[in-house]
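One structure is given below, encoded as structure tokens.
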There are 4 protein chains.
Amino acid sequence: MEQRRGPDSNSPLPEIRVKTLSSPSPTKPVLVCGLPGSGYVGKLAADYLITVFKAKKVAEFYAASFPPHVNINDNGVAVRLKGELFHAETGQGGDLLIFTADAQPATSDGEYALAEAVLAEAKRLHAGLVISLAAYITGAFVKDRRVFGTATSLEVLPRLSENGVQIMKEGGISGMNGVMVGMAKLQGMEGVSLLGETSGYLIDPAASISVLEALSRILGVKIDMTSIEERAKEAQQIFNQVQGMAEQQVEEARGAKDESKPGYIA
Amino acid sequence: MEQRRGPDSNSPLPEIRVKTLSSPSPTKPVLVCGLPGSGYVGKLAADYLITVFKAKKVAEFYAASFPPHVNINDNGVAVRLKGELFHAETGQGGDLLIFTADAQPATSDGEYALAEAVLAEAKRLHAGLVISLAAYITGAFVKDRRVFGTATSLEVLPRLSENGVQIMKEGGISGMNGVMVGMAKLQGMEGVSLLGETSGYLIDPAASISVLEALSRILGVKIDMTSIEERAKEAQQIFNQVQGMAEQQVEEARGAKDESKPGYIA
Amino acid sequence: MEQRRGPDSNSPLPEIRVKTLSSPSPTKPVLVCGLPGSGYVGKLAADYLITVFKAKKVAEFYAASFPPHVNINDNGVAVRLKGELFHAETGQGGDLLIFTADAQPATSDGEYALAEAVLAEAKRLHAGLVISLAAYITGAFVKDRRVFGTATSLEVLPRLSENGVQIMKEGGISGMNGVMVGMAKLQGMEGVSLLGETSGYLIDPAASISVLEALSRILGVKIDMTSIEERAKEAQQIFNQVQGMAEQQVEEARGAKDESKPGYIA
Amino acid sequence: MEQRRGPDSNSPLPEIRVKTLSSPSPTKPVLVCGLPGSGYVGKLAADYLITVFKAKKVAEFYAASFPPHVNINDNGVAVRLKGELFHAETGQGGDLLIFTADAQPATSDGEYALAEAVLAEAKRLHAGLVISLAAYITGAFVKDRRVFGTATSLEVLPRLSENGVQIMKEGGISGMNGVMVGMAKLQGMEGVSLLGETSGYLIDPAASISVLEALSRILGVKIDMTSIEERAKEAQQIFNQVQGMAEQQVEEARGAKDESKPGYIA
């Protein structure tokens with residue numbers, strides 16, 4: 001089996017810059033991804049893992065396909081949109097690499113390029129399994145928080161179903177949380193996606209909790225969940241900004257660019 | 001006659017990755033293409049040819065211009081969107097190379113790049129003729145299933161009209177099924193498109209049957225049509241997913257990304 | 001004065017392929033451009049110049065930024081969208097190079113790349129002046145067919161106003177007919193645009209006639225106008241197709257691709 | 001700390017051409033940016049600085065991601081859209097480099113590429129601080145012209161607040177005025193953005209005045225404000241054109257391209 005690029009051997013993906021900040025030697029690492037998306041399920045879960053395991057930053061990813069925007073944090077500091085890869089020592093036999101970002105790339109090939117760059121880093125650190133955390137949208141407010149799942153190989157599915165994950169039998173996963181899984185397989189890694197049931201309308205810590213509990217059972221890694229509600233409140237603020245940014249981009253498409261918006265200020 | 005690239009000799013098309021799986025030596029092969037599109041006419045026909053001739057996969061094509069999405073099959077396995085080239089031994093004097101894909105590229109130059117990569121493979125396997133199977137949309141439900149056609153050379157047209165194909169005298173063909181034909185000519189191959197009349201609203205096996213019958217007459221290759229209705233029912237499910245995916249993409253353009261949808265689950 | 005590319009020296013424009021068909025030695029050539037656009041004013045004028053001067057094709061331009069589409073001509077032959085450069089011997093002291101295309105590129109950088117490729121060819125053939133023919137849209141049906149104009153240097157403007165062209169004092173020109181002029185200057189050539197007043201709603205041979213008459217006076221080249229009305233009727237058909245294609249593209253943006261349309265067939 | 005590009009080392013940003021016109025040796029320069037945007041606040045301020053300090057042009061920037069358009073100035077001359085970097089000798093201890101452009105790039109990666117090219121020039125001229133001037137939109141007509149601000153480092157913020165700038169504590173800045181600041185940090189420079197409160201509906205010289213006054217206090221550089229009202233009237237005309245261009249682009253997205261518009265002519 002041969003793998004080539006065509007039709008031009010030099011055909012490039014859109015630019016991603018990788019800034020390496022540390023070179024850990026993780027123990028049997030698994031890459032866990034959570035990007036901003038519906039219900040903020042995956043992002044909240046990834047951010048929580050970073051906090052609770054006091055994860056150390058490994059690398060930053062700057063994509064020219066990120067929206068043209070800087071975020072302003074609660075100290076008043078302007079920060080460029082970026083992706084971040086962290087290393088969490090769990091002390092429980094297997095470590096986590098955690099990838100999250102301030103935004104998803106705005107173009108299809110930008111998503112593929114970012115996924116490829118992140119997977120290259122994870123591979124360099126000897127990860128063989130990629131698990132993306134995402135939302136399963138029902139459009140209705142649900143009490144019962146099921147977790148749905150899929151994997152890139154049939155052999156991996158029992159590991160999900162034995163841990164209370166309902167295997168999806170059709171459909172698909174869009175955006176970075178899907179692309180990470182699809183690209184993992186292409187790079188010789190296994191991919192899993194865990195999708196927490198949510199209405200999709202609001203930031204939803206209950207869905208993130210369900211997804212993290214499933215992740216914990218699957219990996220055999222205990223996760224202290226005591227402070228996730230607090231973290232969810234902080235996330236709500238960021239979520240509002242992301243929503244505002246998205247609306248702004250739609251408006252920008254109509255003509256002159258808006259530079260800042262009153263809704264952004266308390 | 002000189003052929004150059006300009007203005008930059010290194011100006012690339014968007015990235016396509018080609019994964020070669022086998023190296024057949026087909027007998028007088030013709031490349032037949034059917035991509036997802038209106039009425040699912042071409043995709044259903046191509047998939048049926050692969051099934052009925054027990055075609056062997058030659059290569060997979062991964063395009064960064066495909067929608068950022070993984071599909072989940074009925075085993076629960078997540079698979080990245082891809083194009084696939086098959087080789088069908090017909091045992092009837094001439095073989096078929098069959099190209100199909102899970103989706104069409106999302107950008108114009110992505111379509112040209114994918115077409116070029118697929119044609120390069122077909123040329124390597126000595127194909128000189130490319131036939132794309134597509135839909136001719138009437139917007140009304142029709143009993144009479146005409147097949148319309150066009151070719152890249154005047155000399156090829158009688159071969160179509162003698163086999164019951166109505167020659168188009170104006171209009172055009174959009175998307176991969178058109179680009180494959182236009183690029184074929186540019187690569188020194190002949191291109192033909194066969195378009196089955198359909199309302200365009202539903203998956204339409206009757207249109208696919210008409211197109212396959214015309215293909216059979218033109219190539220002098222018998223095609224066993226006994227199981228196409230059954231295949232159509234399976235295709236209906238996939239078609240529903242594709243529609244869902246398309247709607248999802250429109251919604252995504254409005255703001256935060258949806259990762260999965262209830263409509264995707266039975 | 002130094003000219004560089006930045007930030008990457010190898011940053012490419014989108015792919016354009018140039019197929020050279022002949023190598024003329026034109027006498028003091030001027031490049032005249034007319035692309036499809038509002039009222040079809042420039043395209044009709046360019047096509048007429050090609051016909052009336054029995055111009056010989058010099059090169060074809062294939063852009064991956066053209067819409068993904070093949071046109072079907074009235075013989076039933078499918079042809080890929082392309083740009084074409086012609087050489088017209090006027091026998092009147094100065095020759096014409098004429099550039100036209102089946103469509104405008106679909107992306108901004110695609111337009112700049114195509115313009116650059118065409119200007120490189122024109123420069124190779126020693127053209128120093130580029131004149132684009134375009135529409136000046138009033139939105140109302142007008143009897144009086146004024147011709148508006150602009151040029152890339154102040155010194156060129158009197159040559160326009162002395163020949164009955166009304167100098168524009170504000171506004172701008174969008175699309176290839178504007179980009180050709182702007183890029184000409186950047187390449188060390190002079191650029192002129194002549195814009196024929198039109199309602200913009202219909203194909204408008206009267207506007208094309210006014211523009212060609214102004215061109216004739218400015219260049220001191222007589223143009224036989226006896227058959228332009230006839231040519232306009234043929235163009236009306238092509239114009240209808242272009243409109244259909246445009247509508248189709250809007251619809252495609254909503255989901256599954258339409259491959260052909262009933263409106264395309266008489 | 002290592003900085004690499006990935007996944008392809010040759011992955012390019014969209015093309016920017018830099019035309020260097022002079023090589024000044026500025027005294028302790030600060031780069032000030034004002035691009036067209038809401039209320040035209042930043043563009044008007046930047047243009048005024050260029051005029052009042054009789055700044056000398058250093059370089060022009062041509063981006064293939066600029067809208068495909070030429071502007072026609074009040075002499076009747078057609079000029080390609082461009083970015084311009086100027087050097088202003090203030091004679092007050094510190095010089096200004098001023099960057100402005102006729103338009104913002106139309107794509108996300110085009111904005112990042114232009115920002116990177118401009119910052120490379122500014123760095124070459126030893127600027128260490130970048131200040132973008134932008135609008136803070138309230139959607140209502142306000143008498144009180146506050147100036148909001150943010151910076152890329154916590155240490156820089158007191159310099160803003162001590163000079164009457166209200167520190168933003170959440171939100172973000174979209175478009176070139178945000179990207180310039182975010183990229184500055186990535187290039188090892190400090191970035192500041194000053195946002196003048198405005199309704200966003202009209203060209204707003206009062207907002208530009210507030211922003212320039214804040215800039216003056218922060219840099220300790222006196223700016224003669226006597227002729228800004230006059231300059232604002234000229235800017236109003238250009239602003240109308242930009243609006244027209246934006247509307248035109250939306251219309252172009254629907255089908256055939258409009259080449260010129262009656263609203264463009266007095």
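Following the order of the structure tokens, chains are lettered A, B, ..., residues in each are numbered from 1, and ligands are numbered from 1.
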Which parts of region 94-261 of chain D does DSSP call helix (DSSP H, G or I) when run on the backbone here, written out as a VMD selection string? chain D and resid 108 to 124 154 to 161 176 to 186 205 to 219 228 to 252
Contacts of Ala115 (chain D) at 10 Å or less, counting only C-alpha atoms, minus same-chain residues fewer than 3 places along, as a PDB file with all heavy atoms, in the first residue's frame?
ATOM      1  N   PRO C   7       4.244  37.232   3.109  1.00  0.00           N
ATOM      2  CA  PRO C   7       5.384  36.927   3.955  1.00  0.00           C
ATOM      3  C   PRO C   7       6.153  35.686   3.507  1.00  0.00           C
ATOM      4  O   PRO C   7       7.276  35.505   3.925  1.00  0.00           O
ATOM      5  CB  PRO C   7       4.747  36.686   5.324  1.00  0.00           C
ATOM      6  CG  PRO C   7       3.371  36.247   5.013  1.00  0.00           C
ATOM      7  CD  PRO C   7       2.974  36.875   3.727  1.00  0.00           C
TER       8      PRO C   7
ATOM      9  N   ILE D  16       0.591  38.100  -0.724  1.00  0.00           N
ATOM     10  CA  ILE D  16       0.686  39.547  -0.488  1.00  0.00           C
ATOM     11  C   ILE D  16       1.924  40.019  -1.248  1.00  0.00           C
ATOM     12  O   ILE D  16       2.989  39.423  -1.119  1.00  0.00           O
ATOM     13  CB  ILE D  16       0.904  39.875   1.003  1.00  0.00           C
ATOM     14  CG1 ILE D  16      -0.099  39.172   1.911  1.00  0.00           C
ATOM     15  CG2 ILE D  16       0.919  41.388   1.234  1.00  0.00           C
ATOM     16  CD1 ILE D  16      -1.495  39.687   1.853  1.00  0.00           C
ATOM     17  N   ASP D 109      -7.867  34.016   6.199  1.00  0.00           N
ATOM     18  CA  ASP D 109      -6.417  33.830   6.074  1.00  0.00           C
ATOM     19  C   ASP D 109      -5.775  34.982   5.313  1.00  0.00           C
ATOM     20  O   ASP D 109      -4.594  35.276   5.510  1.00  0.00           O
ATOM     21  CB  ASP D 109      -6.041  32.459   5.496  1.00  0.00           C
ATOM     22  CG  ASP D 109      -6.709  32.163   4.179  1.00  0.00           C
ATOM     23  OD1 ASP D 109      -7.510  32.984   3.717  1.00  0.00           O
ATOM     24  OD2 ASP D 109      -6.415  31.103   3.608  1.00  0.00           O
ATOM     25  N   GLY D 110      -6.560  35.689   4.501  1.00  0.00           N
ATOM     26  CA  GLY D 110      -6.063  36.904   3.866  1.00  0.00           C
ATOM     27  C   GLY D 110      -5.758  37.993   4.892  1.00  0.00           C
ATOM     28  O   GLY D 110      -4.778  38.733   4.755  1.00  0.00           O
ATOM     29  N   GLU D 111      -6.580  38.076   5.921  1.00  0.00           N
ATOM     30  CA  GLU D 111      -6.331  39.070   6.976  1.00  0.00           C
ATOM     31  C   GLU D 111      -5.065  38.730   7.757  1.00  0.00           C
ATOM     32  O   GLU D 111      -4.238  39.603   8.044  1.00  0.00           O
ATOM     33  CB  GLU D 111      -7.534  39.150   7.924  1.00  0.00           C
ATOM     34  CG  GLU D 111      -8.801  39.605   7.178  1.00  0.00           C
ATOM     35  CD  GLU D 111      -9.891  40.130   8.103  1.00  0.00           C
ATOM     36  OE1 GLU D 111      -9.562  40.732   9.146  1.00  0.00           O
ATOM     37  OE2 GLU D 111     -11.074  39.956   7.767  1.00  0.00           O
ATOM     38  N   TYR D 112      -4.908  37.445   8.092  1.00  0.00           N
ATOM     39  CA  TYR D 112      -3.699  37.042   8.823  1.00  0.00           C
ATOM     40  C   TYR D 112      -2.443  37.285   7.976  1.00  0.00           C
ATOM     41  O   TYR D 112      -1.415  37.723   8.475  1.00  0.00           O
ATOM     42  CB  TYR D 112      -3.789  35.573   9.236  1.00  0.00           C
ATOM     43  CG  TYR D 112      -4.706  35.345  10.423  1.00  0.00           C
ATOM     44  CD1 TYR D 112      -5.941  34.738  10.275  1.00  0.00           C
ATOM     45  CD2 TYR D 112      -4.325  35.758  11.698  1.00  0.00           C
ATOM     46  CE1 TYR D 112      -6.779  34.530  11.376  1.00  0.00           C
ATOM     47  CE2 TYR D 112      -5.156  35.562  12.797  1.00  0.00           C
ATOM     48  CZ  TYR D 112      -6.392  34.945  12.625  1.00  0.00           C
ATOM     49  OH  TYR D 112      -7.203  34.756  13.709  1.00  0.00           O
ATOM     50  N   VAL D 118       2.604  43.298   7.049  1.00  0.00           N
ATOM     51  CA  VAL D 118       2.748  44.662   7.559  1.00  0.00           C
ATOM     52  C   VAL D 118       3.632  44.670   8.803  1.00  0.00           C
ATOM     53  O   VAL D 118       4.524  45.520   8.950  1.00  0.00           O
ATOM     54  CB  VAL D 118       1.362  45.274   7.866  1.00  0.00           C
ATOM     55  CG1 VAL D 118       1.513  46.627   8.569  1.00  0.00           C
ATOM     56  CG2 VAL D 118       0.544  45.415   6.593  1.00  0.00           C
ATOM     57  N   LEU D 119       3.405  43.700   9.692  1.00  0.00           N
ATOM     58  CA  LEU D 119       4.209  43.630  10.917  1.00  0.00           C
ATOM     59  C   LEU D 119       5.678  43.347  10.598  1.00  0.00           C
ATOM     60  O   LEU D 119       6.575  43.860  11.282  1.00  0.00           O
ATOM     61  CB  LEU D 119       3.645  42.567  11.859  1.00  0.00           C
ATOM     62  CG  LEU D 119       2.278  42.919  12.468  1.00  0.00           C
ATOM     63  CD1 LEU D 119       1.681  41.720  13.189  1.00  0.00           C
ATOM     64  CD2 LEU D 119       2.396  44.110  13.423  1.00  0.00           C
ATOM     65  N   ALA D 120       5.927  42.562   9.550  1.00  0.00           N
ATOM     66  CA  ALA D 120       7.316  42.294   9.151  1.00  0.00           C
ATOM     67  C   ALA D 120       8.012  43.595   8.742  1.00  0.00           C
ATOM     68  O   ALA D 120       9.175  43.830   9.095  1.00  0.00           O
ATOM     69  CB  ALA D 120       7.350  41.277   8.015  1.00  0.00           C
ATOM     70  N   MET D 176      -9.238  43.148  10.703  1.00  0.00           N
ATOM     71  CA  MET D 176      -7.821  43.511  10.685  1.00  0.00           C
ATOM     72  C   MET D 176      -7.382  44.237  11.947  1.00  0.00           C
ATOM     73  O   MET D 176      -6.255  44.048  12.414  1.00  0.00           O
ATOM     74  CB  MET D 176      -7.519  44.406   9.478  1.00  0.00           C
ATOM     75  CG  MET D 176      -7.312  43.680   8.187  1.00  0.00           C
ATOM     76  SD  MET D 176      -5.880  42.543   8.217  1.00  0.00           S
ATOM     77  CE  MET D 176      -4.528  43.728   8.228  1.00  0.00           C
ATOM     78  N   ASN D 177      -8.246  45.107  12.511  1.00  0.00           N
ATOM     79  CA  ASN D 177      -7.835  45.867  13.690  1.00  0.00           C
ATOM     80  C   ASN D 177      -7.637  44.959  14.902  1.00  0.00           C
ATOM     81  O   ASN D 177      -6.853  45.291  15.801  1.00  0.00           O
ATOM     82  CB  ASN D 177      -8.858  46.972  13.986  1.00  0.00           C
ATOM     83  CG  ASN D 177      -8.797  48.084  12.946  1.00  0.00           C
ATOM     84  OD1 ASN D 177      -7.713  48.565  12.616  1.00  0.00           O
ATOM     85  ND2 ASN D 177      -9.936  48.470  12.398  1.00  0.00           N
ATOM     86  N   GLY D 178      -8.295  43.817  14.912  1.00  0.00           N
ATOM     87  CA  GLY D 178      -8.054  42.820  15.951  1.00  0.00           C
ATOM     88  C   GLY D 178      -6.880  41.917  15.607  1.00  0.00           C
ATOM     89  O   GLY D 178      -6.038  41.620  16.454  1.00  0.00           O
ATOM     90  N   VAL D 179      -6.821  41.493  14.347  1.00  0.00           N
ATOM     91  CA  VAL D 179      -5.770  40.562  13.914  1.00  0.00           C
ATOM     92  C   VAL D 179      -4.379  41.201  14.053  1.00  0.00           C
ATOM     93  O   VAL D 179      -3.425  40.541  14.472  1.00  0.00           O
ATOM     94  CB  VAL D 179      -6.037  40.093  12.467  1.00  0.00           C
ATOM     95  CG1 VAL D 179      -4.828  39.375  11.892  1.00  0.00           C
ATOM     96  CG2 VAL D 179      -7.269  39.194  12.425  1.00  0.00           C
ATOM     97  N   MET D 180      -4.272  42.499  13.725  1.00  0.00           N
ATOM     98  CA  MET D 180      -2.977  43.193  13.849  1.00  0.00           C
ATOM     99  C   MET D 180      -2.455  43.095  15.279  1.00  0.00           C
ATOM    100  O   MET D 180      -1.260  42.890  15.501  1.00  0.00           O
ATOM    101  CB  MET D 180      -3.122  44.678  13.469  1.00  0.00           C
ATOM    102  CG  MET D 180      -3.311  44.965  12.009  1.00  0.00           C
ATOM    103  SD  MET D 180      -1.925  44.457  10.942  1.00  0.00           S
ATOM    104  CE  MET D 180      -0.666  45.626  11.458  1.00  0.00           C
ATOM    105  N   VAL D 181      -3.346  43.259  16.235  1.00  0.00           N
ATOM    106  CA  VAL D 181      -2.972  43.219  17.650  1.00  0.00           C
ATOM    107  C   VAL D 181      -2.584  41.800  18.063  1.00  0.00           C
ATOM    108  O   VAL D 181      -1.558  41.590  18.727  1.00  0.00           O
ATOM    109  CB  VAL D 181      -4.140  43.769  18.508  1.00  0.00           C
ATOM    110  CG1 VAL D 181      -3.929  43.465  19.979  1.00  0.00           C
ATOM    111  CG2 VAL D 181      -4.296  45.272  18.277  1.00  0.00           C
ATOM    112  N   GLY D 182      -3.395  40.827  17.657  1.00  0.00           N
ATOM    113  CA  GLY D 182      -3.116  39.437  18.026  1.00  0.00           C
ATOM    114  C   GLY D 182      -1.830  38.925  17.398  1.00  0.00           C
ATOM    115  O   GLY D 182      -1.039  38.222  18.043  1.00  0.00           O
ATOM    116  N   MET D 183      -1.582  39.296  16.151  1.00  0.00           N
ATOM    117  CA  MET D 183      -0.370  38.871  15.452  1.00  0.00           C
ATOM    118  C   MET D 183       0.861  39.574  16.018  1.00  0.00           C
ATOM    119  O   MET D 183       1.960  39.018  16.014  1.00  0.00           O
ATOM    120  CB  MET D 183      -0.477  39.172  13.963  1.00  0.00           C
ATOM    121  CG  MET D 183      -1.484  38.325  13.226  1.00  0.00           C
ATOM    122  SD  MET D 183      -0.952  36.587  13.108  1.00  0.00           S
ATOM    123  CE  MET D 183       0.357  36.760  11.876  1.00  0.00           C
ATOM    124  N   ALA D 184       0.700  40.829  16.473  1.00  0.00           N
ATOM    125  CA  ALA D 184       1.819  41.580  17.041  1.00  0.00           C
ATOM    126  C   ALA D 184       2.460  40.772  18.160  1.00  0.00           C
ATOM    127  O   ALA D 184       3.680  40.562  18.182  1.00  0.00           O
ATOM    128  CB  ALA D 184       1.334  42.932  17.568  1.00  0.00           C
TER     129      ALA D 184
END
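The space separating CA of Ser174 (chain B) from CA of Ser108 (chain B) comes to 10.3 Å.
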Exercise: region 149-156 of chain B partners within 7 Å, only C-alpha atoms, chain neighbours under 5 positions left out, as JSON, numbers by chain: {"B": [165, 166, 167, 168, 185, 190, 191, 192, 193, 194, 195], "C": [76, 77, 78, 79]}
I need the chosen residues saved as an mmCIF file, in the first residue's frame, with C-alpha atoms.
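Just written: part29.cif:
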data_model
loop_
_atom_site.group_PDB
_atom_site.id
_atom_site.type_symbol
_atom_site.label_atom_id
_atom_site.label_comp_id
_atom_site.auth_asym_id
_atom_site.auth_seq_id
_atom_site.Cartn_x
_atom_site.Cartn_y
_atom_site.Cartn_z
ATOM 1 C CA VAL B 165 -29.822 8.818 -25.585
ATOM 2 C CA GLN B 166 -31.288 12.246 -26.358
ATOM 3 C CA ILE B 167 -28.461 14.676 -27.180
ATOM 4 C CA MET B 168 -28.578 17.917 -25.136
ATOM 5 C CA LYS B 185 -10.919 16.354 -22.475
ATOM 6 C CA GLU B 190 -12.965 11.590 -24.149
ATOM 7 C CA GLY B 191 -15.793 12.478 -21.793
ATOM 8 C CA VAL B 192 -19.469 11.503 -21.870
ATOM 9 C CA SER B 193 -22.255 12.336 -19.465
ATOM 10 C CA LEU B 194 -25.507 10.395 -19.217
ATOM 11 C CA LEU B 195 -28.279 12.167 -17.332
ATOM 12 C CA GLY C 76 -24.304 18.780 -28.144
ATOM 13 C CA VAL C 77 -20.633 18.949 -27.215
ATOM 14 C CA ALA C 78 -19.634 19.475 -23.568
ATOM 15 C CA VAL C 79 -16.877 22.053 -23.121
#
Which parts of region 62-243 of chain B does DSSP call strand (DSSP E or B) when run on the backbone here, written out as a ChimeraX atom specification? /B:62-63,69-72,77-80,83-88,96-101,129-137,147-151,166-167,172-174,190-198
I need the chosen residues saved as an mmCIF file, in the first residue's frame, with C-alpha atoms.
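Written file, result_5.cif:
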data_model
loop_
_atom_site.group_PDB
_atom_site.id
_atom_site.type_symbol
_atom_site.label_atom_id
_atom_site.label_comp_id
_atom_site.auth_asym_id
_atom_site.auth_seq_id
_atom_site.Cartn_x
_atom_site.Cartn_y
_atom_site.Cartn_z
ATOM 1 C CA TYR B 62 -8.946 12.010 0.690
ATOM 2 C CA ALA B 63 -9.703 15.648 -0.086
ATOM 3 C CA HIS B 69 -17.507 15.343 8.725
ATOM 4 C CA VAL B 70 -17.285 11.657 9.552
ATOM 5 C CA ASN B 71 -20.059 9.259 8.600
ATOM 6 C CA ILE B 72 -21.180 6.528 10.984
ATOM 7 C CA VAL B 77 -17.989 2.619 12.876
ATOM 8 C CA ALA B 78 -16.979 6.220 12.086
ATOM 9 C CA VAL B 79 -15.450 6.619 8.633
ATOM 10 C CA ARG B 80 -13.881 9.670 7.058
ATOM 11 C CA GLY B 83 -13.587 9.009 -2.864
ATOM 12 C CA GLU B 84 -13.070 5.451 -4.070
ATOM 13 C CA LEU B 85 -11.906 3.988 -7.356
ATOM 14 C CA PHE B 86 -12.869 0.389 -8.130
ATOM 15 C CA HIS B 87 -11.984 -2.079 -10.854
ATOM 16 C CA ALA B 88 -14.792 -4.273 -12.219
ATOM 17 C CA LEU B 96 -14.971 -0.810 -15.858
ATOM 18 C CA LEU B 97 -13.189 1.518 -13.503
ATOM 19 C CA ILE B 98 -15.820 2.992 -11.194
ATOM 20 C CA PHE B 99 -15.367 6.180 -9.202
ATOM 21 C CA THR B 100 -17.697 7.281 -6.463
ATOM 22 C CA ALA B 101 -17.431 9.337 -3.269
ATOM 23 C CA LEU B 129 -13.082 7.269 -22.012
ATOM 24 C CA VAL B 130 -14.830 8.775 -18.970
ATOM 25 C CA ILE B 131 -18.604 8.467 -18.508
ATOM 26 C CA SER B 132 -20.291 10.370 -15.703
ATOM 27 C CA LEU B 133 -23.773 9.324 -14.574
ATOM 28 C CA ALA B 134 -25.961 12.142 -13.340
ATOM 29 C CA ALA B 135 -29.477 13.487 -12.960
ATOM 30 C CA TYR B 136 -31.541 15.503 -15.399
ATOM 31 C CA ILE B 137 -33.979 17.349 -13.209
ATOM 32 C CA VAL B 147 -31.768 9.646 -20.730
ATOM 33 C CA PHE B 148 -30.035 12.803 -21.929
ATOM 34 C CA GLY B 149 -26.423 12.953 -22.977
ATOM 35 C CA THR B 150 -23.464 14.969 -24.105
ATOM 36 C CA ALA B 151 -19.861 14.220 -25.074
ATOM 37 C CA GLN B 166 -31.288 12.246 -26.358
ATOM 38 C CA ILE B 167 -28.461 14.676 -27.180
ATOM 39 C CA GLY B 172 -24.613 22.514 -18.807
ATOM 40 C CA ILE B 173 -23.671 20.114 -16.043
ATOM 41 C CA SER B 174 -22.568 21.415 -12.649
ATOM 42 C CA GLU B 190 -12.965 11.590 -24.149
ATOM 43 C CA GLY B 191 -15.793 12.478 -21.793
ATOM 44 C CA VAL B 192 -19.469 11.503 -21.870
ATOM 45 C CA SER B 193 -22.255 12.336 -19.465
ATOM 46 C CA LEU B 194 -25.507 10.395 -19.217
ATOM 47 C CA LEU B 195 -28.279 12.167 -17.332
ATOM 48 C CA GLY B 196 -31.359 10.292 -16.139
ATOM 49 C CA GLU B 197 -34.620 12.206 -16.063
ATOM 50 C CA THR B 198 -35.903 12.646 -12.514
#
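Shortest separation to chain B among A:Ile203, A:Ile223, A:Leu186, A:Ile228 occurs at residue A:Leu186, atoms counted being only C-alpha atoms.
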I'd like to know which of C:Asn73, C:Thr90, C:Ser161, C:Ser199 is closest to Lys222 (chain C), using only C-alpha atoms.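 Nearest candidate to Lys222 (chain C) out of C:Asn73, C:Thr90, C:Ser161, C:Ser199: C:Thr90.
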Hey, can you check how far CA of Arg146 (chain A) sits from CA of Lys28 (chain A)? 28.3 Å
Show which residues sit within 9 Å of Met225 (chain D), as a list of chain:residue names. Count only C-alpha atoms, and ignore same-chain residues fewer than 4 positions away.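 My list of contacting residues is D:Tyr48, D:Val52, D:Ile209, D:Leu212, D:Glu213, D:Glu229.
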Choose the residue, out of B:Leu114, B:Ala127, B:Val221, B:Leu160, that has the smallest atom-to-atom separation from chain A; count only C-alpha atoms.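 Answer, going by the shortest atom-to-atom distance: B:Leu114.
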